[in-house]
$ cat protein11.cif   # mmCIF, C-alpha atoms
data_my_file
loop_
_atom_site.label_atom_id
_atom_site.label_comp_id
_atom_site.auth_asym_id
_atom_site.auth_seq_id
_atom_site.Cartn_x
_atom_site.Cartn_y
_atom_site.Cartn_z
CA MET A 1 77.39 92.19 113.80
CA ALA A 2 76.24 89.60 116.38
CA PRO A 3 74.06 92.02 118.39
CA LEU A 4 72.52 93.38 115.18
CA VAL A 5 71.74 89.87 113.87
CA PHE A 6 70.05 88.89 117.12
CA LEU A 7 68.16 92.18 117.36
CA ILE A 8 66.66 91.36 113.95
CA PHE A 9 66.09 87.76 115.08
CA TYR A 10 64.09 89.00 118.05
CA GLU A 11 62.22 91.63 116.04
CA VAL A 12 60.95 88.84 113.77
CA SER A 13 61.00 85.65 115.82
CA GLY A 14 62.94 85.12 119.04
CA ALA A 15 62.40 81.34 118.95
CA PRO A 16 59.63 79.00 117.75
CA PHE A 17 57.24 79.96 120.57
CA GLY A 18 53.93 80.95 118.99
CA ILE A 19 54.13 78.74 115.87
CA GLU A 20 52.07 75.95 117.47
CA ASP A 21 48.79 77.42 116.21
CA SER A 22 49.85 76.73 112.61
CA VAL A 23 49.57 72.99 113.32
CA ARG A 24 46.31 73.50 115.22
CA ALA A 25 44.85 75.38 112.25
CA ALA A 26 46.02 73.22 109.36
CA GLY A 27 47.96 70.13 110.44
CA PRO A 28 51.66 69.21 110.03
CA LEU A 29 51.99 69.24 106.23
CA LEU A 30 50.46 72.66 105.64
CA ALA A 31 52.31 74.10 108.66
CA ILE A 32 55.71 73.01 107.31
CA LEU A 33 54.92 74.02 103.72
CA GLY A 34 53.45 77.30 104.94
CA PHE A 35 56.64 78.42 106.68
CA LEU A 36 58.70 77.50 103.60
CA LEU A 37 56.37 79.29 101.18
CA PHE A 38 55.85 82.37 103.33
CA ALA A 39 59.61 82.79 103.74
CA LEU A 40 59.94 82.88 99.94
CA ILE A 41 57.02 85.15 99.07
CA TRP A 42 57.05 87.39 102.14
CA SER A 43 60.19 87.35 104.30
CA ILE A 44 62.77 87.52 101.52
CA PRO A 45 61.10 90.42 99.63
CA GLU A 46 60.57 92.36 102.86
CA ALA A 47 64.18 91.80 103.95
CA LEU A 48 65.47 92.85 100.52
CA ILE A 49 63.41 96.06 100.58
CA THR A 50 64.60 96.78 104.13
CA ALA A 51 68.23 96.33 103.05
CA GLU A 52 67.85 98.75 100.12
CA MET A 53 65.76 101.40 101.83
CA GLY A 54 67.50 101.11 105.20
CA THR A 55 70.90 101.79 103.65
CA MET A 56 69.44 104.55 101.48
CA PHE A 57 68.08 106.31 104.61
CA PRO A 58 70.26 105.20 107.57
CA GLU A 59 68.39 107.06 110.32
CA ASN A 60 66.04 106.24 113.18
CA GLY A 61 62.89 107.27 111.33
CA GLY A 62 63.25 104.09 109.24
CA TYR A 63 60.21 103.27 107.15
CA VAL A 64 58.58 106.57 108.16
CA VAL A 65 61.32 108.41 106.29
CA TRP A 66 61.00 106.11 103.26
CA VAL A 67 57.28 106.83 102.90
CA SER A 68 57.68 110.56 103.63
CA SER A 69 60.33 110.85 100.90
CA ALA A 70 58.12 109.14 98.33
CA LEU A 71 54.59 110.17 99.29
CA GLY A 72 54.93 113.23 101.50
CA PRO A 73 54.67 113.96 105.24
CA PHE A 74 50.96 113.10 105.60
CA TRP A 75 51.44 109.51 104.47
CA GLY A 76 54.75 109.32 106.29
CA PHE A 77 52.90 110.12 109.50
CA GLN A 78 50.22 107.50 108.71
CA GLN A 79 52.98 104.95 108.21
CA GLY A 80 54.51 105.85 111.55
CA TRP A 81 51.15 105.77 113.33
CA ALA A 82 50.12 102.38 111.90
CA LYS A 83 53.52 100.76 112.48
CA TRP A 84 53.88 102.16 116.01
CA LEU A 85 50.41 100.92 116.96
CA SER A 86 51.16 97.54 115.40
CA GLY A 87 54.42 97.33 117.34
CA VAL A 88 52.83 98.25 120.66
CA ILE A 89 50.05 95.72 120.11
CA ASP A 90 52.70 93.12 119.23
CA ASN A 91 54.57 93.88 122.43
CA ALA A 92 51.42 93.35 124.47
CA LEU A 93 51.57 89.75 123.27
CA TYR A 94 54.80 88.79 125.04
CA PRO A 95 53.63 89.05 128.65
CA VAL A 96 50.66 86.90 127.57
CA LEU A 97 52.93 84.27 126.02
CA VAL A 98 55.24 84.19 129.05
CA LEU A 99 52.35 83.62 131.44
CA ASP A 100 50.75 81.01 129.15
CA TYR A 101 53.96 78.95 129.33
CA LEU A 102 54.37 79.39 133.09
CA LYS A 103 50.76 78.74 134.10
CA SER A 104 51.17 74.94 133.71
CA SER A 105 53.69 75.11 136.57
CA VAL A 106 52.11 78.07 138.39
CA PRO A 107 48.31 77.78 137.86
CA ALA A 108 47.67 81.08 139.68
CA LEU A 109 49.11 82.92 136.66
CA GLY A 110 46.21 81.72 134.53
CA GLY A 111 44.03 84.70 135.44
CA GLY A 112 42.83 87.18 138.00
CA LEU A 113 44.91 89.52 140.14
CA PRO A 114 48.14 87.40 140.10
CA ARG A 115 48.18 87.51 136.30
CA THR A 116 47.55 91.27 136.23
CA LEU A 117 50.34 91.92 138.74
CA ALA A 118 52.70 89.66 136.78
CA VAL A 119 52.03 91.66 133.58
CA LEU A 120 52.76 94.95 135.38
CA ILE A 121 55.99 93.68 136.98
CA PHE A 122 57.14 92.18 133.65
CA THR A 123 56.47 95.41 131.76
CA VAL A 124 58.07 97.75 134.31
CA ALA A 125 61.24 95.66 134.69
CA LEU A 126 61.85 95.36 130.95
CA THR A 127 60.98 99.00 130.32
CA TYR A 128 63.82 99.88 132.68
CA MET A 129 66.21 97.72 130.64
CA ASN A 130 65.21 99.67 127.52
CA TYR A 131 65.91 102.88 129.40
CA ARG A 132 69.48 101.65 130.06
CA GLY A 133 70.34 101.52 126.35
CA LEU A 134 70.77 99.51 123.13
CA THR A 135 74.26 98.23 123.96
CA VAL A 136 72.85 96.35 126.92
CA ILE A 137 69.88 95.10 124.88
CA GLY A 138 72.01 93.98 121.91
CA TRP A 139 74.23 91.67 123.93
CA VAL A 140 71.29 90.48 126.05
CA ALA A 141 69.63 89.51 122.74
CA VAL A 142 72.70 87.48 121.73
CA PHE A 143 72.71 85.58 125.03
CA LEU A 144 68.95 85.03 125.03
CA GLY A 145 68.92 83.96 121.37
CA VAL A 146 71.51 81.24 121.86
CA PHE A 147 69.95 80.09 125.13
CA SER A 148 66.45 80.06 123.59
CA LEU A 149 67.38 77.82 120.67
CA LEU A 150 69.36 75.23 122.65
CA PRO A 151 66.42 73.27 124.16
CA PHE A 152 64.82 72.98 120.71
CA LEU A 153 68.07 71.54 119.39
CA VAL A 154 68.14 69.03 122.26
CA MET A 155 64.43 68.21 121.87
CA GLY A 156 64.93 67.56 118.16
CA LEU A 157 67.81 65.16 118.85
CA VAL A 158 65.78 63.33 121.51
CA ALA A 159 62.89 63.08 119.04
CA ILE A 160 64.87 61.34 116.27
CA PRO A 161 64.28 57.71 117.46
CA ARG A 162 60.52 58.39 117.61
CA ILE A 163 60.11 60.06 114.21
CA GLU A 164 57.45 58.56 111.95
CA PRO A 165 57.66 60.36 108.56
CA SER A 166 54.06 59.46 107.66
CA ARG A 167 52.86 62.00 110.25
CA TRP A 168 54.26 64.84 108.14
CA LEU A 169 51.70 64.05 105.43
CA GLU A 170 48.62 64.44 107.65
CA VAL A 171 46.27 66.99 106.12
CA ASP A 172 42.52 67.64 106.07
CA LEU A 173 41.72 70.60 103.84
CA GLY A 174 38.09 70.57 104.92
CA SER A 175 38.95 71.37 108.54
CA VAL A 176 41.59 74.06 107.96
CA ASP A 177 41.07 77.29 109.91
CA TRP A 178 42.47 79.59 107.22
CA ARG A 179 42.17 82.76 109.29
CA LEU A 180 44.20 81.34 112.19
CA TYR A 181 46.64 79.64 109.80
CA LEU A 182 47.47 82.73 107.75
CA ASN A 183 47.60 85.05 110.76
CA THR A 184 50.02 82.70 112.57
CA LEU A 185 52.34 82.39 109.57
CA PHE A 186 52.17 86.11 108.84
CA TRP A 187 52.87 87.14 112.42
CA ASN A 188 55.83 84.78 112.78
CA LEU A 189 57.52 85.86 109.53
CA ASN A 190 57.06 89.64 109.42
CA TYR A 191 58.64 92.70 111.06
CA TRP A 192 61.90 92.53 109.06
CA ASP A 193 61.59 96.27 108.48
CA SER A 194 61.52 97.05 112.22
CA ILE A 195 65.31 97.15 112.42
CA SER A 196 65.23 100.20 110.12
CA THR A 197 64.14 102.39 113.04
CA LEU A 198 67.43 101.58 114.80
CA THR A 199 69.83 102.14 111.89
CA GLY A 200 70.72 105.57 113.25
CA GLU A 201 72.30 103.77 116.22
CA VAL A 202 74.26 101.24 114.10
CA GLU A 203 77.91 101.67 113.12
CA ASN A 204 78.32 101.65 109.32
CA PRO A 205 74.75 100.44 108.59
CA LYS A 206 75.36 100.66 104.84
CA ARG A 207 77.55 97.56 105.06
CA THR A 208 76.43 95.75 108.19
CA LEU A 209 72.63 95.91 107.71
CA PRO A 210 72.35 93.82 104.49
CA LYS A 211 74.60 91.08 105.86
CA ALA A 212 72.86 91.03 109.24
CA LEU A 213 69.48 90.62 107.51
CA SER A 214 70.88 87.65 105.55
CA TYR A 215 72.16 85.84 108.62
CA ALA A 216 68.98 86.56 110.58
CA LEU A 217 66.79 85.17 107.78
CA VAL A 218 68.58 81.81 107.90
CA LEU A 219 68.39 81.78 111.71
CA VAL A 220 64.66 82.58 111.81
CA VAL A 221 63.44 80.17 109.12
CA GLY A 222 65.69 77.35 110.30
CA GLY A 223 64.59 77.95 113.88
CA TYR A 224 60.95 77.44 112.87
CA LEU A 225 61.29 74.46 110.55
CA TYR A 226 63.57 72.33 112.76
CA PRO A 227 61.14 71.90 115.72
CA LEU A 228 58.12 71.65 113.40
CA ILE A 229 59.68 68.84 111.38
CA THR A 230 60.97 66.89 114.37
CA CYS A 231 58.09 67.33 116.81
CA THR A 232 55.16 66.76 114.45
CA ALA A 233 56.68 63.42 113.45
CA ALA A 234 57.79 62.33 116.93
CA VAL A 235 54.43 62.54 118.75
CA PRO A 236 50.91 61.72 117.56
CA VAL A 237 49.37 64.90 116.18
CA VAL A 238 46.24 65.93 118.06
CA ARG A 239 45.59 69.31 116.49
CA GLU A 240 43.49 70.58 119.39
CA HIS A 241 46.55 70.33 121.65
CA TRP A 242 48.71 72.52 119.42
CA SER A 243 48.25 76.00 120.91
CA ASP A 244 50.71 78.47 122.42
CA GLY A 245 52.62 76.66 125.18
CA TYR A 246 52.38 73.17 123.66
CA PHE A 247 56.13 72.83 122.99
CA SER A 248 56.49 72.66 126.76
CA ASP A 249 54.22 69.60 126.86
CA ILE A 250 56.09 67.97 123.97
CA ALA A 251 59.36 68.52 125.84
CA ARG A 252 57.95 66.60 128.81
CA ILE A 253 56.71 63.77 126.57
CA LEU A 254 60.04 63.40 124.77
CA GLY A 255 62.58 64.24 127.46
CA GLY A 256 60.87 64.38 130.81
CA VAL A 257 60.31 67.06 133.43
CA TRP A 258 63.87 68.42 133.17
CA LEU A 259 63.42 69.29 129.48
CA GLN A 260 59.97 70.75 130.14
CA SER A 261 61.36 72.99 132.90
CA TRP A 262 64.16 74.13 130.60
CA MET A 263 61.64 74.87 127.85
CA GLN A 264 59.45 76.92 130.20
CA ALA A 265 62.43 78.95 131.39
CA VAL A 266 63.50 79.55 127.81
CA ALA A 267 59.96 80.55 126.82
CA ALA A 268 59.99 83.26 129.45
CA LEU A 269 63.47 84.49 128.51
CA SER A 270 62.77 84.37 124.77
CA ASN A 271 59.73 86.58 125.18
CA VAL A 272 61.86 88.93 127.28
CA GLY A 273 64.09 89.31 124.21
CA ASN A 274 61.08 89.90 121.94
CA PHE A 275 59.73 92.54 124.31
CA LEU A 276 63.05 94.38 124.62
CA THR A 277 63.76 94.60 120.89
CA GLU A 278 60.19 95.54 119.94
CA MET A 279 60.06 98.32 122.53
CA SER A 280 63.44 99.60 121.32
CA SER A 281 62.19 99.74 117.75
CA ASP A 282 58.92 101.46 118.71
CA SER A 283 60.54 104.08 120.94
CA TYR A 284 63.36 104.93 118.51
CA GLN A 285 60.77 105.26 115.74
CA LEU A 286 59.04 108.02 117.75
CA LEU A 287 62.42 109.67 118.29
CA GLY A 288 63.11 109.51 114.55
CA MET A 289 59.72 111.04 113.75
CA ALA A 290 60.42 113.89 116.19
CA GLU A 291 63.82 114.49 114.56
CA ARG A 292 61.96 114.85 111.25
CA GLY A 293 59.51 117.37 112.75
CA MET A 294 56.49 115.02 112.66
CA LEU A 295 56.15 114.90 116.45
CA PRO A 296 56.87 117.50 119.15
CA ASP A 297 60.48 118.00 120.18
CA PHE A 298 60.06 116.33 123.56
CA PHE A 299 59.87 112.94 121.78
CA ALA A 300 63.46 113.52 120.59
CA LYS A 301 64.85 114.08 124.09
CA ARG A 302 67.28 111.41 125.22
CA SER A 303 67.96 110.14 128.72
CA ARG A 304 71.46 110.18 130.22
CA HIS A 305 71.86 106.71 128.69
CA GLY A 306 71.10 108.08 125.21
CA THR A 307 67.69 106.40 125.04
CA PRO A 308 64.36 108.01 123.97
CA LEU A 309 62.71 108.27 127.38
CA ILE A 310 59.33 109.68 126.26
CA GLY A 311 59.02 107.12 123.46
CA ILE A 312 59.77 104.31 125.93
CA LEU A 313 57.11 105.56 128.37
CA PHE A 314 54.48 105.91 125.62
CA SER A 315 55.22 102.40 124.32
CA ALA A 316 55.13 100.87 127.82
CA SER A 317 51.77 102.52 128.55
CA GLY A 318 50.30 101.05 125.37
CA VAL A 319 51.53 97.58 126.29
CA ILE A 320 49.90 97.72 129.74
CA LEU A 321 46.58 98.94 128.30
CA LEU A 322 46.44 96.16 125.68
CA SER A 323 47.66 93.17 127.71
CA TRP A 324 44.07 92.15 128.55
CA MET A 325 43.48 90.95 124.96
CA SER A 326 43.77 87.28 123.98
CA PHE A 327 46.65 85.86 121.93
CA GLN A 328 44.56 85.45 118.75
CA GLU A 329 42.98 88.93 119.03
CA ILE A 330 46.37 90.58 119.46
CA VAL A 331 47.88 88.75 116.48
CA ALA A 332 44.95 89.52 114.16
CA THR A 333 44.78 93.23 115.07
CA GLU A 334 48.49 93.89 114.75
CA ASN A 335 48.60 92.00 111.43
CA TYR A 336 45.83 94.20 110.00
CA LEU A 337 47.59 97.44 110.94
CA TYR A 338 50.93 96.04 109.80
CA CYS A 339 49.43 95.23 106.38
CA PHE A 340 48.35 98.85 105.96
CA GLY A 341 51.91 100.00 106.67
CA MET A 342 53.44 97.45 104.30
CA ILE A 343 51.26 98.65 101.41
CA LEU A 344 52.68 102.16 101.91
CA GLU A 345 56.23 100.74 102.04
CA PHE A 346 55.78 98.84 98.78
CA VAL A 347 54.41 101.96 97.05
CA ALA A 348 57.30 104.07 98.39
CA PHE A 349 59.88 101.47 97.29
CA ILE A 350 58.62 101.45 93.70
CA LYS A 351 58.03 105.21 93.49
CA LEU A 352 61.56 106.03 94.66
CA ARG A 353 62.93 103.58 92.07
CA VAL A 354 61.00 105.50 89.37
CA THR A 355 61.43 109.11 90.54
CA HIS A 356 64.97 108.85 91.95
CA PRO A 357 66.72 106.12 89.93
CA ASN A 358 70.18 107.63 90.51
CA ALA A 359 69.86 108.09 94.26
CA SER A 360 72.60 106.63 96.44
CA ARG A 361 71.72 103.02 97.26
CA PRO A 362 74.67 101.31 99.01
CA TYR A 363 72.69 98.09 98.69
CA LYS A 364 70.30 97.72 95.77
CA VAL A 365 67.96 94.81 95.16
CA PRO A 366 69.42 93.25 91.97
CA LEU A 367 66.26 93.80 89.95
CA GLY A 368 65.11 96.55 87.61
CA THR A 369 61.91 98.46 88.14
CA ILE A 370 59.76 95.84 86.41
CA GLY A 371 61.46 93.07 88.39
CA ALA A 372 60.88 94.99 91.63
CA VAL A 373 57.17 95.33 90.79
CA LEU A 374 56.93 91.60 90.06
CA MET A 375 58.72 90.84 93.36
CA ILE A 376 56.12 92.65 95.45
CA ILE A 377 53.02 91.22 93.70
CA PRO A 378 52.92 87.95 95.73
CA PRO A 379 53.32 89.66 99.13
CA THR A 380 50.73 92.28 98.12
CA LEU A 381 48.23 89.54 97.28
CA LEU A 382 49.01 87.95 100.64
CA ILE A 383 48.26 91.25 102.38
CA VAL A 384 44.88 91.42 100.63
CA VAL A 385 44.02 87.87 101.74
CA VAL A 386 45.07 88.47 105.38
CA MET A 387 43.02 91.67 105.57
CA ALA A 388 40.00 90.07 103.87
CA LEU A 389 39.98 87.16 106.34
CA ALA A 390 40.02 89.43 109.40
CA SER A 391 37.01 89.31 111.69
CA PHE A 392 34.57 92.21 111.81
CA LYS A 393 35.83 93.16 115.29
CA VAL A 394 39.45 93.31 114.09
CA MET A 395 38.49 95.29 110.99
CA ALA A 396 36.45 97.77 113.02
CA VAL A 397 39.17 98.37 115.62
CA SER A 398 41.88 98.69 112.95
CA MET A 399 39.83 101.05 110.78
CA LEU A 400 39.07 103.21 113.81
CA ALA A 401 42.78 103.36 114.62
CA MET A 402 43.59 104.49 111.07
CA VAL A 403 40.85 107.15 111.16
CA VAL A 404 42.44 108.49 114.34
CA GLY A 405 45.74 108.72 112.47
CA PHE A 406 44.11 110.62 109.59
CA ALA A 407 42.76 113.17 112.08
CA LEU A 408 45.85 113.33 114.30
CA GLN A 409 48.31 114.50 111.64
CA PRO A 410 46.38 117.69 110.69
CA CYS A 411 45.89 118.40 114.41
CA LEU A 412 49.65 118.25 114.98
CA VAL A 413 50.21 120.55 112.00
CA TYR A 414 47.76 123.01 113.56
CA VAL A 415 49.53 122.76 116.94
CA GLU A 416 52.85 123.51 115.25
CA LYS A 417 51.39 126.42 113.28
CA LYS A 418 49.97 127.97 116.47
CA ARG A 419 53.27 127.28 118.26
CA LEU A 420 51.50 125.47 121.07
CA LEU A 421 54.34 122.91 121.07
CA ARG A 422 57.80 123.08 119.59
CA PHE A 423 58.57 121.10 116.43
CA SER A 424 61.92 121.07 114.59
CA ILE A 425 63.97 119.07 112.13
CA SER A 426 67.35 117.90 113.39
CA ALA A 427 70.24 119.71 111.72
CA ASP A 428 72.16 116.42 111.60
CA LEU A 429 69.72 114.87 109.11
CA PRO A 430 69.85 115.29 105.31
CA HIS A 431 67.08 116.99 103.33
CA LEU A 432 64.67 114.61 101.65
CA PRO A 433 64.99 113.40 99.01
CA ASP A 434 67.34 115.73 97.07
CA VAL A 435 70.38 114.91 99.20
CA GLN A 436 70.16 111.36 97.90
CA GLU A 437 70.70 112.44 94.30
CA THR A 438 74.32 111.34 94.15
CA ALA A 439 76.22 108.71 92.29
CA GLU A 440 75.74 105.12 93.32
CA ASP A 441 78.08 103.87 96.07
CA ASP A 442 79.65 100.47 95.89
CA VAL A 443 76.85 97.94 96.14
CA VAL A 444 77.10 95.59 99.12
CA PRO A 445 76.09 92.02 98.20
CA LEU A 446 73.28 90.45 100.23
CA LEU A 447 73.91 86.78 100.94
CA PHE A 448 70.60 85.38 99.68
#

$ encode --input "protein11.cif" --output "structure tokens"
Amino acid sequence: MAPLVFLIFYEVSGAPFGIEDSVRAAGPLLAILGFLLFALIWSIPEALITAEMGTMFPENGGYVVWVSSALGPFWGFQQGWAKWLSGVIDNALYPVLVLDYLKSSVPALGGGLPRTLAVLIFTVALTYMNYRGLTVIGWVAVFLGVFSLLPFLVMGLVAIPRIEPSRWLEVDLGSVDWRLYLNTLFWNLNYWDSISTLTGEVENPKRTLPKALSYALVLVVGGYLYPLITCTAAVPVVREHWSDGYFSDIARILGGVWLQSWMQAVAALSNVGNFLTEMSSDSYQLLGMAERGMLPDFFAKRSRHGTPLIGILFSASGVILLSWMSFQEIVATENYLYCFGMILEFVAFIKLRVTHPNASRPYKVPLGTIGAVLMIIPPTLLIVVVMALASFKVMAVSMLAMVVGFALQPCLVYVEKKRLLRFSISADLPHLPDVQETAEDDVVPLLF
């Protein structure tokens, strides 16, 4: 349970690093309220859907299998393409964040050849850890998660004598950067469904997955709100200072150089955890798609450690190619692609409720079909807003990526038909969706 909880924690969060831009964009009050509201209208519905669909289809294809079952293989492939691209783009962010935190102590990492070499070394070393297997990564995530949250706990305690509650109420609606604000909140509170691509590696996912999602939700939201509430009230809020890496400066102001050094070390290690779990999810997703016959068989080959070697190499290559982008560009582009995938997930969730009401659902969201539709309306509206606020550059790049996906799936079908590459469906997987037409299992309660 502990490794699974912290794998989810790192898929979604990993620690409060990266939330600083919410204060920069909108000030303390809207930042705090934003994380509370987004958790209610986005994180909880996404986690609930992941619990139901992940236990309904406990295999490494994850959300790709959900969409394929409801909408067919073409849209299943588009889901896999959009989510894999979004995940790889997300992973390109973590070397950037690590170096942004370290550059205040090592200025040479701010740009040029030293920064490029650091990105390459970081990516190669952590790619090797993924190659060694999920057992290693799961317990590394537990250690890194605990270690990453400790300095924030200490910083919050040190901040208590300096807290001035009036600072929480600072707001200037006329100067809010809504694009940066919404993208920061959205990025920090999504990716709950990523754990679904690892459920084929989890023991008894039908019982452990819903509970692990519950515990991780509390850990993630609490881990964001605690430093926001304490730090915005303990130091004068100069919004221009609140960008990625600023918690390190606050640590120095409140506790001194020792706390700043601890925070910088934790920033690096926390992003290591984010990188490891995201790459695991991306590479096992490709393996799951190959097991379903959507990708050539060589994507399903495992190393001697049981890991998807080809998927790991593809994901690592994407990270290296995208690491030149800025923090804000990476966040905006991955959010746009992620929104496209979430729309398909919501449609699949509702359609399977309608067309296969008696399918086996070891965990079922305790709502009827109408209630389920009402539950996804607020996050769907949020998706529309996030996509509408995207810059032209982000829209153009994302649309081009989706067009490539639309063309790639028919090309792969042609390659399979001409037997240029081998495709096959694993004999260990059930047929979709008829095999699910069984009586309901005992429903596992989710602790929300």

$ atom_distance --input "protein11.cif" --atom1 "CA of Ala348 (chain A)" --atom2 "CA of Pro366 (chain A)"
17.5 Å

$ resolve_selection --input "protein11.cif" --expression "the PyMOL selection byres ((chain A and resi 141) around 12)" --output "PyMOL selection string"
chain A and resi 2-11+13-15+129+134-140+142-148+269-278+280

$ closest_residue --input "protein11.cif" --among "A:Val403, A:Val319, A:Ile425, A:Val65" --to "Pro95 (chain A)" --atoms "all atoms listed in the file"
A:Val319

$ closest_residue --input "protein11.cif" --among "A:Ser283, A:Thr355, A:Asn183, A:Ser248" --to "Met387 (chain A)" --atoms "only C-alpha atoms"
A:Asn183

$ resolve_selection --input "protein11.cif" --expression "the PyMOL selection byres ((chain A and resi 409-421) around 9)" --output "list of chain:residue names"
A:Phe74, A:Phe77, A:Gln78, A:Met294, A:Leu295, A:Pro296, A:Asp297, A:Val404, A:Gly405, A:Phe406, A:Ala407, A:Leu408, A:Arg422, A:Phe423

$ closest_residue --input "protein11.cif" --among "A:Leu225, A:Val23, A:Val12, A:Met399" --to "Tyr191 (chain A)" --atoms "all atoms listed in the file"
A:Val12

$ residues_near_point --input "protein11.cif" --point "(60.9, 98.8, 127.7)" --cutoff "8 Å" --atoms "only C-alpha atoms" --output "number ranges by chain"
A: 123-131, 275-276, 279-280, 312-313, 315-316

$ closest_residue --input "protein11.cif" --among "A:Ala268, A:Leu321, A:Leu209, A:Val67" --to "Thr116 (chain A)" --atoms "all atoms listed in the file"
A:Leu321

$ resolve_selection --input "protein11.cif" --expression "the PyMOL selection byres ((chain A and resi 24) around 7)" --output "PDB file with C-alpha atoms, in the coordinates of the input"
ATOM      1  CA  GLU A  20      52.070  75.950 117.470  1.00  0.00           C
ATOM      2  CA  ASP A  21      48.790  77.420 116.210  1.00  0.00           C
ATOM      3  CA  SER A  22      49.850  76.730 112.610  1.00  0.00           C
ATOM      4  CA  VAL A  23      49.570  72.990 113.320  1.00  0.00           C
ATOM      5  CA  ALA A  25      44.850  75.380 112.250  1.00  0.00           C
ATOM      6  CA  ALA A  26      46.020  73.220 109.360  1.00  0.00           C
ATOM      7  CA  GLY A  27      47.960  70.130 110.440  1.00  0.00           C
ATOM      8  CA  ARG A 239      45.590  69.310 116.490  1.00  0.00           C
ATOM      9  CA  GLU A 240      43.490  70.580 119.390  1.00  0.00           C
ATOM     10  CA  TRP A 242      48.710  72.520 119.420  1.00  0.00           C
ATOM     11  CA  SER A 243      48.250  76.000 120.910  1.00  0.00           C
TER      12      SER A 243
END

$ closest_residue --input "protein11.cif" --among "A:Ile44, A:Asn358, A:Ala290, A:Leu29" --to "Val220 (chain A)" --atoms "all atoms listed in the file"
A:Ile44

$ residues_around --input "protein11.cif" --residues "Tyr284 (chain A)" --least-positions-apart "2" --cutoff "9 Å" --atoms "all atoms listed in the file" --output "list in words"
Asn60, Gly61, Thr197, Leu198, Met279, Ser280, Ser281, Asp282, Leu286, Leu287, Gly288, Met289, Ala300, Thr307, Pro308, Gly311 and Ile312 of chain A

$ atom_distance --input "protein11.cif" --atom1 "CA of Gly371 (chain A)" --atom2 "CA of Leu219 (chain A)"
26.8 Å

$ atom_distance --input "protein11.cif" --atom1 "CA of Ser214 (chain A)" --atom2 "CA of Leu33 (chain A)"
21.1 Å

$ closest_atom_pairs --input "protein11.cif" --of "region 75-111 of chain A" --to "region 332-347 of chain A" --cutoff "7 Å" --atoms "all atoms listed in the file" --output "tab-separated table"
residue	atom	partner	partner_atom	distance
A:Gln79	CA	A:Gly341	CA	5.3
A:Ala82	CA	A:Leu337	CA	5.6
A:Lys83	CA	A:Tyr338	CA	6.0
A:Ser86	CA	A:Glu334	CA	4.6
A:Ile89	CA	A:Glu334	CA	5.9
A:Asp90	CA	A:Glu334	CA	6.2

$ closest_residue --input "protein11.cif" --among "A:Met155, A:Val119, A:Leu109, A:Arg132" --to "Gly306 (chain A)" --atoms "all atoms listed in the file"
A:Arg132

$ residues_around --input "protein11.cif" --residues "region 352-354 of chain A" --least-positions-apart "3" --cutoff "10 Å" --atoms "only C-alpha atoms" --output "CSV table (one decimal) with C-alpha atoms, keeping the file's coordinate frame"
chain,number,residue,atom,x,y,z
A,53,MET,CA,65.8,101.4,101.8
A,66,TRP,CA,61.0,106.1,103.3
A,67,VAL,CA,57.3,106.8,102.9
A,69,SER,CA,60.3,110.8,100.9
A,70,ALA,CA,58.1,109.1,98.3
A,71,LEU,CA,54.6,110.2,99.3
A,347,VAL,CA,54.4,102.0,97.0
A,348,ALA,CA,57.3,104.1,98.4
A,349,PHE,CA,59.9,101.5,97.3
A,357,PRO,CA,66.7,106.1,89.9
A,358,ASN,CA,70.2,107.6,90.5
A,359,ALA,CA,69.9,108.1,94.3
A,368,GLY,CA,65.1,96.6,87.6
A,369,THR,CA,61.9,98.5,88.1
A,372,ALA,CA,60.9,95.0,91.6
A,433,PRO,CA,65.0,113.4,99.0

$ axis_aligned_box --input "protein11.cif" --around "region 373-380 of chain A" --padding-each-side "4 Å" --output "JSON"
{"center_x": 54.7, "center_y": 91.6, "center_z": 94.6, "size_x": 16.0, "size_y": 15.4, "size_z": 17.1}
